[in-house]
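S.K.: Contents of start03.txt (compact mmCIF, C-alpha atoms) are below:
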# COMPACT_ATOMS: atom_id res chain seq x y z
CA MET Y 30 -244.59 84.91 67.64
CA MET Y 31 -243.49 81.59 66.19
CA ASN Y 32 -240.65 79.90 68.03
CA GLU Y 33 -237.64 78.45 66.25
CA THR Y 34 -239.21 74.98 66.12
CA ASN Y 35 -242.30 76.37 64.38
CA ILE Y 36 -240.15 78.19 61.86
CA SER Y 37 -237.90 75.25 61.02
CA GLN Y 38 -240.75 72.75 60.68
CA ARG Y 39 -243.07 74.79 58.53
CA ARG Y 40 -243.36 73.54 54.95
CA GLY Y 41 -246.23 75.71 53.80
CA PHE Y 42 -248.74 75.48 50.98
CA SER Y 43 -247.17 77.81 48.41
CA ALA Y 44 -249.27 76.97 45.37
CA ILE Y 45 -247.71 78.01 42.09
CA ALA Y 46 -250.76 77.93 39.80
CA ASN Y 47 -252.29 81.19 38.56
CA ARG Y 48 -250.19 83.58 40.64
CA GLU Y 49 -250.67 86.30 38.03
CA GLY Y 50 -254.45 85.94 38.11
CA LYS Y 51 -254.49 86.10 41.91
CA THR Y 52 -252.32 89.21 41.79
CA LYS Y 53 -254.73 90.89 39.36
CA LYS Y 54 -257.57 90.15 41.77
CA ILE Y 55 -255.61 91.70 44.64
CA LEU Y 56 -254.71 94.78 42.59
CA LYS Y 57 -258.31 95.30 41.48
CA ILE Y 58 -259.64 95.07 45.03
CA VAL Y 59 -256.90 97.34 46.40
CA GLY Y 60 -257.54 99.81 43.59
CA GLU Y 61 -261.21 100.06 44.49
CA LEU Y 62 -260.39 101.63 47.85
CA THR Y 63 -257.17 103.57 47.33
CA ASN Y 64 -255.93 106.36 45.12
CA HIS Y 65 -252.24 105.66 45.71
CA PRO Y 66 -250.07 106.35 42.64
CA SER Y 67 -249.13 102.70 42.76
CA LYS Y 68 -245.65 102.70 41.21
CA LYS Y 69 -244.59 105.30 43.78
CA ALA Y 70 -246.26 103.49 46.69
CA LEU Y 71 -244.50 101.04 49.00
CA LEU Y 72 -246.22 97.68 49.49
CA LEU Y 73 -245.47 94.95 52.02
CA ASP Y 74 -246.38 91.41 50.99
CA ILE Y 75 -246.52 89.12 54.04
CA GLY Y 76 -246.05 85.44 53.22
CA THR Y 77 -243.89 85.30 50.10
CA GLY Y 78 -244.28 81.59 49.33
CA ASN Y 79 -242.92 80.89 45.88
CA GLY Y 80 -242.61 84.63 45.19
CA GLY Y 81 -245.13 84.75 42.37
CA ILE Y 82 -247.49 87.30 43.86
CA SER Y 83 -244.65 89.54 45.07
CA HIS Y 84 -243.12 89.38 41.60
CA PHE Y 85 -246.32 90.43 39.84
CA LEU Y 86 -247.15 93.08 42.46
CA SER Y 87 -243.75 94.63 41.79
CA GLN Y 88 -244.94 95.58 38.33
CA GLU Y 89 -247.29 98.08 39.98
CA PHE Y 90 -245.71 98.84 43.38
CA GLU Y 91 -242.35 99.02 45.06
CA VAL Y 92 -242.52 95.73 46.97
CA ILE Y 93 -240.88 94.34 50.08
CA SER Y 94 -241.87 90.75 50.86
CA VAL Y 95 -241.37 88.70 54.03
CA ASP Y 96 -241.74 85.07 55.07
CA ILE Y 97 -240.45 82.76 57.79
CA GLU Y 98 -238.27 80.87 55.30
CA ASP Y 99 -237.15 81.19 51.71
CA GLN Y 100 -239.22 78.99 49.35
CA ARG Y 101 -239.01 81.29 46.35
CA SER Y 102 -238.82 80.24 42.75
CA LEU Y 103 -239.58 83.77 41.44
CA LYS Y 104 -237.15 86.25 42.96
CA LYS Y 105 -237.08 89.23 40.62
CA GLY Y 106 -238.60 92.65 41.15
CA TYR Y 107 -238.88 92.86 44.93
CA ALA Y 108 -236.85 92.86 48.13
CA PHE Y 109 -237.10 89.85 50.43
CA LEU Y 110 -236.54 89.36 54.16
CA ILE Y 111 -236.92 86.40 56.50
CA THR Y 112 -238.88 87.23 59.65
CA ASN Y 113 -241.78 86.11 61.85
CA GLU Y 114 -244.89 87.95 63.04
CA LEU Y 115 -242.77 90.81 64.44
CA LEU Y 116 -242.10 92.88 61.34
CA PRO Y 117 -238.60 94.44 61.12
CA PHE Y 118 -239.85 97.83 59.91
CA SER Y 119 -240.39 101.23 61.47
CA ASP Y 120 -243.85 102.56 62.27
CA GLU Y 121 -246.03 103.95 59.47
CA CYS Y 122 -243.76 103.19 56.52
CA PHE Y 123 -246.01 101.27 54.07
CA ASP Y 124 -248.86 102.52 51.89
CA VAL Y 125 -250.34 99.03 51.38
CA VAL Y 126 -249.94 95.67 53.11
CA VAL Y 127 -251.02 92.34 51.61
CA SER Y 128 -251.77 89.34 53.84
CA ASN Y 129 -253.04 86.76 51.39
CA HIS Y 130 -253.94 83.45 53.09
CA VAL Y 131 -251.39 83.96 55.84
CA ILE Y 132 -253.28 84.54 59.08
CA GLU Y 133 -254.52 80.94 59.27
CA HIS Y 134 -250.85 79.84 59.45
CA VAL Y 135 -249.94 82.31 62.20
CA VAL Y 136 -249.64 81.38 65.88
CA LYS Y 137 -250.31 84.86 67.31
CA GLN Y 138 -253.01 86.21 65.04
CA GLU Y 139 -253.67 89.38 67.04
CA LEU Y 140 -249.97 90.25 66.76
CA HIS Y 141 -250.17 89.68 63.00
CA ILE Y 142 -253.00 92.22 62.76
CA SER Y 143 -251.48 94.76 65.16
CA GLU Y 144 -248.16 94.66 63.30
CA ILE Y 145 -249.93 95.33 60.01
CA ALA Y 146 -251.58 98.35 61.64
CA ARG Y 147 -248.28 99.54 63.09
CA VAL Y 148 -246.35 99.57 59.80
CA LEU Y 149 -249.16 101.12 57.74
CA LYS Y 150 -249.08 104.86 57.10
CA PRO Y 151 -252.07 106.95 58.20
CA GLY Y 152 -254.72 106.35 55.57
CA GLY Y 153 -253.00 103.13 54.50
CA ILE Y 154 -254.91 99.98 53.68
CA ALA Y 155 -254.35 96.25 53.96
CA TYR Y 156 -255.70 93.46 51.77
CA LEU Y 157 -256.44 90.36 53.82
CA ALA Y 158 -257.84 87.03 52.65
CA THR Y 159 -258.31 83.84 54.64
CA PRO Y 160 -260.46 80.68 54.39
CA ASN Y 161 -263.66 80.53 56.42
CA ARG Y 162 -263.57 77.97 59.23
CA LEU Y 163 -267.31 77.41 58.78
CA TRP Y 164 -267.04 76.50 55.10
CA PRO Y 165 -267.46 72.69 54.91
CA TRP Y 166 -264.47 72.03 52.63
CA GLU Y 167 -260.99 72.68 54.04
CA VAL Y 168 -258.85 73.83 51.13
CA HIS Y 169 -255.35 73.22 52.51
CA TYR Y 170 -255.79 69.54 53.31
CA GLN Y 171 -258.64 68.96 50.83
CA LEU Y 172 -260.91 67.35 53.42
CA PRO Y 173 -264.55 67.98 54.37
CA LEU Y 174 -265.83 68.83 57.86
CA LEU Y 175 -262.83 67.59 59.86
CA HIS Y 176 -261.72 71.18 60.53
CA TYR Y 177 -264.96 71.78 62.46
CA LEU Y 178 -263.33 69.90 65.33
CA PRO Y 179 -261.20 71.81 67.87
CA GLN Y 180 -257.90 72.79 66.29
CA ARG Y 181 -255.75 70.44 68.40
CA ILE Y 182 -257.96 67.47 67.56
CA PHE Y 183 -257.97 68.41 63.88
CA MET Y 184 -254.16 68.51 63.83
CA PHE Y 185 -253.93 65.25 65.81
CA LEU Y 186 -256.17 63.43 63.34
CA LEU Y 187 -254.20 64.79 60.39
CA LYS Y 188 -251.04 63.36 61.92
CA ARG Y 189 -252.71 60.01 62.47
CA MET Y 190 -253.86 60.09 58.83
CA LYS Y 191 -250.29 61.03 57.79
CA LYS Y 192 -251.56 64.11 56.02
CA TYR Y 193 -250.15 66.69 58.42
CA GLN Y 194 -247.90 69.41 56.98
CA GLU Y 195 -248.31 72.30 59.40
CA ASP Y 196 -250.73 73.70 61.96
CA LEU Y 197 -253.75 75.66 60.80
CA ARG Y 198 -255.75 78.12 62.87
CA LEU Y 199 -258.82 78.78 60.76
CA ILE Y 200 -261.09 81.62 61.86
CA THR Y 201 -264.72 82.64 61.51
CA TRP Y 202 -266.14 85.95 60.31
CA HIS Y 203 -266.85 86.96 63.90
CA GLN Y 204 -263.28 86.18 64.93
CA LEU Y 205 -261.81 88.10 62.01
CA LYS Y 206 -263.83 91.21 62.84
CA LYS Y 207 -262.93 90.92 66.52
CA LEU Y 208 -259.23 90.81 65.64
CA ALA Y 209 -259.36 93.66 63.13
CA THR Y 210 -261.78 96.27 64.50
CA PRO Y 211 -259.51 97.62 67.27
CA TYR Y 212 -257.17 98.81 64.52
CA PHE Y 213 -259.17 99.03 61.30
CA LYS Y 214 -262.42 99.71 59.56
CA VAL Y 215 -263.30 96.42 57.86
CA HIS Y 216 -264.55 96.64 54.27
CA LEU Y 217 -265.95 93.34 53.03
CA ARG Y 218 -265.01 92.47 49.45
CA SER Y 219 -265.71 88.73 49.18
CA ASP Y 220 -269.38 89.60 48.61
CA ARG Y 221 -268.45 91.39 45.37
CA VAL Y 222 -266.06 88.62 44.37
CA CYS Y 223 -268.85 86.05 44.87
CA LYS Y 224 -271.33 88.11 42.87
CA PHE Y 225 -269.01 89.08 40.02
CA PRO Y 226 -266.23 86.43 39.94
CA ASN Y 227 -265.27 87.05 36.32
CA ASP Y 228 -264.65 90.72 37.11
CA TYR Y 229 -262.03 89.57 39.62
CA TYR Y 230 -260.19 87.21 37.26
CA LEU Y 231 -261.87 84.05 38.53
CA ASN Y 232 -263.14 81.38 36.17
CA ALA Y 233 -266.58 80.47 37.51
CA PRO Y 234 -269.24 78.20 35.92
CA LYS Y 235 -271.90 80.09 34.00
CA LEU Y 236 -274.70 78.60 36.11
CA TYR Y 237 -272.98 79.83 39.27
CA THR Y 238 -272.51 83.35 37.95
CA SER Y 239 -276.06 83.52 36.59
CA ILE Y 240 -277.55 82.61 39.96
CA LEU Y 241 -275.36 84.90 42.05
CA ARG Y 242 -275.88 87.89 39.76
CA LEU Y 243 -279.57 87.67 40.63
CA LEU Y 244 -278.86 88.06 44.36
CA PRO Y 245 -278.69 91.62 45.70
CA LEU Y 246 -275.28 92.56 47.04
CA LYS Y 247 -276.84 93.31 50.44
CA ILE Y 248 -277.91 89.68 50.76
CA LEU Y 249 -274.45 88.41 49.87
CA SER Y 250 -272.96 90.85 52.38
CA SER Y 251 -275.31 89.64 55.12
CA LEU Y 252 -274.14 86.08 54.40
CA ALA Y 253 -270.46 86.92 54.96
CA PHE Y 254 -270.27 84.37 57.77
CA ILE Y 255 -270.66 81.54 55.23
CA HIS Y 256 -268.45 82.90 52.44
CA PRO Y 257 -265.91 80.24 51.35
CA THR Y 258 -263.10 82.77 51.76
CA PHE Y 259 -263.10 86.10 53.54
CA ILE Y 260 -261.65 88.91 51.46
CA VAL Y 261 -261.49 92.27 53.18
CA ILE Y 262 -259.81 95.63 52.89
CA LEU Y 263 -258.66 96.94 56.25
CA GLU Y 264 -258.60 100.72 56.47
CA LYS Y 265 -256.38 101.93 59.30
CA ASN Y 266 -258.19 103.84 62.02
CA GLN Y 267 -257.15 107.48 62.27
Written as structure tokens, that's how I'd like the structure from this file.

M.R.:
Amino acid sequence: MMNETNISQRRGFSAIANREGKTKKILKIVGELTNHPSKKALLLDIGTGNGGISHFLSQEFEVISVDIEDQRSLKKGYAFLITNELLPFSDECFDVVVSNHVIEHVVKQELHISEIARVLKPGGIAYLATPNRLWPWEVHYQLPLLHYLPQRIFMFLLKRMKKYQEDLRLITWHQLKKLATPYFKVHLRSDRVCKFPNDYYLNAPKLYTSILRLLPLKILSSLAFIHPTFIVILEKNQ
């Protein structure tokens, strides 16, 4: 759980661009593995940021969104609460949970996962996306390779470079599975997004899409450990 200092100092990386497109990607991936009548289903969006994704999700779901501080510019369509990793909700109350590029900002990542499992209904699912620590380009600070160093050294160097905004705790594919499998079945989806980016509302170069369409999905799945971003659906264990 983040302490009060962590909460007050966090600035975040709440990008505004293309929130609607990112929401469409989330909805498509969620829809592939659930038959919830979405407008009657309750969805928890963890990590509100500027509120764009929560706003667009509310067109399909009843949405409650949480973050550690209020940075919203889009506030319509959903309920909002300030909290930390300990979610202020009863057990088994949500049909869907979205954790979109949140876990790398969280201090207690296992608690983040276990709380998602706790608040999900039986048969509920969670959408989780996070950058891959092994990908050579670090997307938050826009730097190559430096994040391969131990996390404390990475943060120290960012401070010395005067680029530091907040701590990051990037994880590998192995670490993500280790965190999730006690509570969930893990369904990889970044393999499909890599193979068919245009189907998931991503604008990819034609050469890129032509090459990846030639690769069997099984090969892309086996290469999950080097995907730029992990995108998974977590199906709650019964």

S.K.: Using all atoms listed in the file, which protein or nucleic acid residues come within 6 Å of Val127 (chain Y)? Drop anything in the same chain fewer than 2 positions from it, and give the result as a ChimeraX atom specification.

M.R.: /Y:74,129,155-156

S.K.: So that I can see what lies close to Lys69 (chain Y), please list as a PyMOL selection string the residues with an atom at most 12 Å from it, counting all atoms listed in the file and leaving out residues fewer than 4 positions away in the same chain.

M.R.: chain Y and resi 64-65+87-92+123-125

S.K.: For Val131 (chain Y), which of Y:Asp96, Y:Glu167, Y:Glu144, Y:Glu49 is the closest residue, counting only C-alpha atoms?

M.R.: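 Closest residue, counting only C-alpha atoms: Y:Asp96.
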
S.K.: For region 34-140 of chain Y against region 219-229 of chain Y, with a cut-off of 9 Å and counting all atoms listed in the file, what is the closest atom pair and its distance in Å to one decimal for every residue that makes the cut, ordered by chain and number, as JSON lines?

M.R.:
{"residue": "Y:Gly50", "atom": "CA", "partner": "Y:Tyr229", "partner_atom": "CA", "distance": 8.5}
{"residue": "Y:Lys51", "atom": "CA", "partner": "Y:Tyr229", "partner_atom": "CA", "distance": 8.6}
{"residue": "Y:Lys53", "atom": "CA", "partner": "Y:Tyr229", "partner_atom": "CA", "distance": 7.4}
{"residue": "Y:Lys54", "atom": "CA", "partner": "Y:Tyr229", "partner_atom": "CA", "distance": 5.0}
{"residue": "Y:Ile55", "atom": "CA", "partner": "Y:Tyr229", "partner_atom": "CA", "distance": 8.4}
{"residue": "Y:Lys57", "atom": "CA", "partner": "Y:Tyr229", "partner_atom": "CA", "distance": 7.1}
{"residue": "Y:Ile58", "atom": "CA", "partner": "Y:Tyr229", "partner_atom": "CA", "distance": 8.1}

S.K.: For Lys206 (chain Y), which residue out of Y:Asp99, Y:Glu114, Y:Glu139, Y:Glu121 is the nearest one, using all atoms listed in the file?

M.R.: Y:Glu139

S.K.: Give as JSON, numbers by chain each residue that has an atom at most 10 Å from (-257.1, 105.4, 61.4) in the file, counting only C-alpha atoms.

M.R.: {"Y": [146, 149, 150, 151, 152, 153, 154, 212, 213, 214, 264, 265, 266, 267]}

S.K.: My structure is short of atoms at region 229-251 of chain Y; please model N, CA and C atoms there, returning them as an mmCIF file, in the frame of the given file.

M.R.:
data_model
loop_
_atom_site.group_PDB
_atom_site.id
_atom_site.type_symbol
_atom_site.label_atom_id
_atom_site.label_comp_id
_atom_site.auth_asym_id
_atom_site.auth_seq_id
_atom_site.Cartn_x
_atom_site.Cartn_y
_atom_site.Cartn_z
ATOM 1 N N TYR Y 229 -263.195 89.669 38.743
ATOM 2 C CA TYR Y 229 -262.030 89.570 39.620
ATOM 3 C C TYR Y 229 -261.101 88.436 39.171
ATOM 4 N N TYR Y 230 -261.121 88.148 37.878
ATOM 5 C CA TYR Y 230 -260.190 87.210 37.260
ATOM 6 C C TYR Y 230 -260.337 85.789 37.782
ATOM 7 N N LEU Y 231 -261.571 85.414 38.111
ATOM 8 C CA LEU Y 231 -261.870 84.050 38.530
ATOM 9 C C LEU Y 231 -262.708 83.372 37.460
ATOM 10 N N ASN Y 232 -262.374 82.149 37.141
ATOM 11 C CA ASN Y 232 -263.140 81.380 36.170
ATOM 12 C C ASN Y 232 -264.235 80.609 36.902
ATOM 13 N N ALA Y 233 -265.460 81.091 36.803
ATOM 14 C CA ALA Y 233 -266.580 80.470 37.510
ATOM 15 C C ALA Y 233 -267.562 79.895 36.502
ATOM 16 N N PRO Y 234 -268.234 78.784 36.825
ATOM 17 C CA PRO Y 234 -269.240 78.200 35.920
ATOM 18 C C PRO Y 234 -270.358 79.203 35.622
ATOM 19 N N LYS Y 235 -270.866 79.153 34.413
ATOM 20 C CA LYS Y 235 -271.900 80.090 34.000
ATOM 21 C C LYS Y 235 -273.148 79.994 34.870
ATOM 22 N N LEU Y 236 -273.521 78.764 35.258
ATOM 23 C CA LEU Y 236 -274.700 78.600 36.110
ATOM 24 C C LEU Y 236 -274.490 79.315 37.438
ATOM 25 N N TYR Y 237 -273.315 79.177 37.999
ATOM 26 C CA TYR Y 237 -272.980 79.830 39.270
ATOM 27 C C TYR Y 237 -273.097 81.343 39.145
ATOM 28 N N THR Y 238 -272.483 81.898 38.105
ATOM 29 C CA THR Y 238 -272.510 83.350 37.950
ATOM 30 C C THR Y 238 -273.910 83.858 37.654
ATOM 31 N N SER Y 239 -274.686 83.095 36.908
ATOM 32 C CA SER Y 239 -276.060 83.520 36.590
ATOM 33 C C SER Y 239 -276.915 83.599 37.838
ATOM 34 N N ILE Y 240 -276.748 82.626 38.730
ATOM 35 C CA ILE Y 240 -277.550 82.610 39.960
ATOM 36 C C ILE Y 240 -277.131 83.743 40.882
ATOM 37 N N LEU Y 241 -275.817 83.909 41.090
ATOM 38 C CA LEU Y 241 -275.360 84.900 42.050
ATOM 39 C C LEU Y 241 -275.584 86.328 41.571
ATOM 40 N N ARG Y 242 -275.590 86.544 40.270
ATOM 41 C CA ARG Y 242 -275.880 87.890 39.760
ATOM 42 C C ARG Y 242 -277.300 88.320 40.082
ATOM 43 N N LEU Y 243 -278.186 87.350 40.299
ATOM 44 C CA LEU Y 243 -279.570 87.670 40.630
ATOM 45 C C LEU Y 243 -279.748 88.098 42.088
ATOM 46 N N LEU Y 244 -278.762 87.741 42.934
ATOM 47 C CA LEU Y 244 -278.860 88.060 44.360
ATOM 48 C C LEU Y 244 -278.376 89.481 44.620
ATOM 49 N N PRO Y 245 -279.160 90.272 45.342
ATOM 50 C CA PRO Y 245 -278.690 91.620 45.700
ATOM 51 C C PRO Y 245 -277.407 91.548 46.521
ATOM 52 N N LEU Y 246 -276.551 92.529 46.325
ATOM 53 C CA LEU Y 246 -275.280 92.560 47.040
ATOM 54 C C LEU Y 246 -275.503 92.583 48.551
ATOM 55 N N LYS Y 247 -276.566 93.242 49.000
ATOM 56 C CA LYS Y 247 -276.840 93.310 50.440
ATOM 57 C C LYS Y 247 -277.059 91.918 51.029
ATOM 58 N N ILE Y 248 -277.692 91.041 50.265
ATOM 59 C CA ILE Y 248 -277.910 89.680 50.760
ATOM 60 C C ILE Y 248 -276.584 88.943 50.856
ATOM 61 N N LEU Y 249 -275.755 89.060 49.825
ATOM 62 C CA LEU Y 249 -274.450 88.410 49.870
ATOM 63 C C LEU Y 249 -273.587 88.960 51.010
ATOM 64 N N SER Y 250 -273.707 90.253 51.271
ATOM 65 C CA SER Y 250 -272.960 90.850 52.380
ATOM 66 C C SER Y 250 -273.440 90.308 53.717
ATOM 67 N N SER Y 251 -274.756 90.151 53.856
ATOM 68 C CA SER Y 251 -275.310 89.640 55.120
ATOM 69 C C SER Y 251 -274.931 88.185 55.357
#
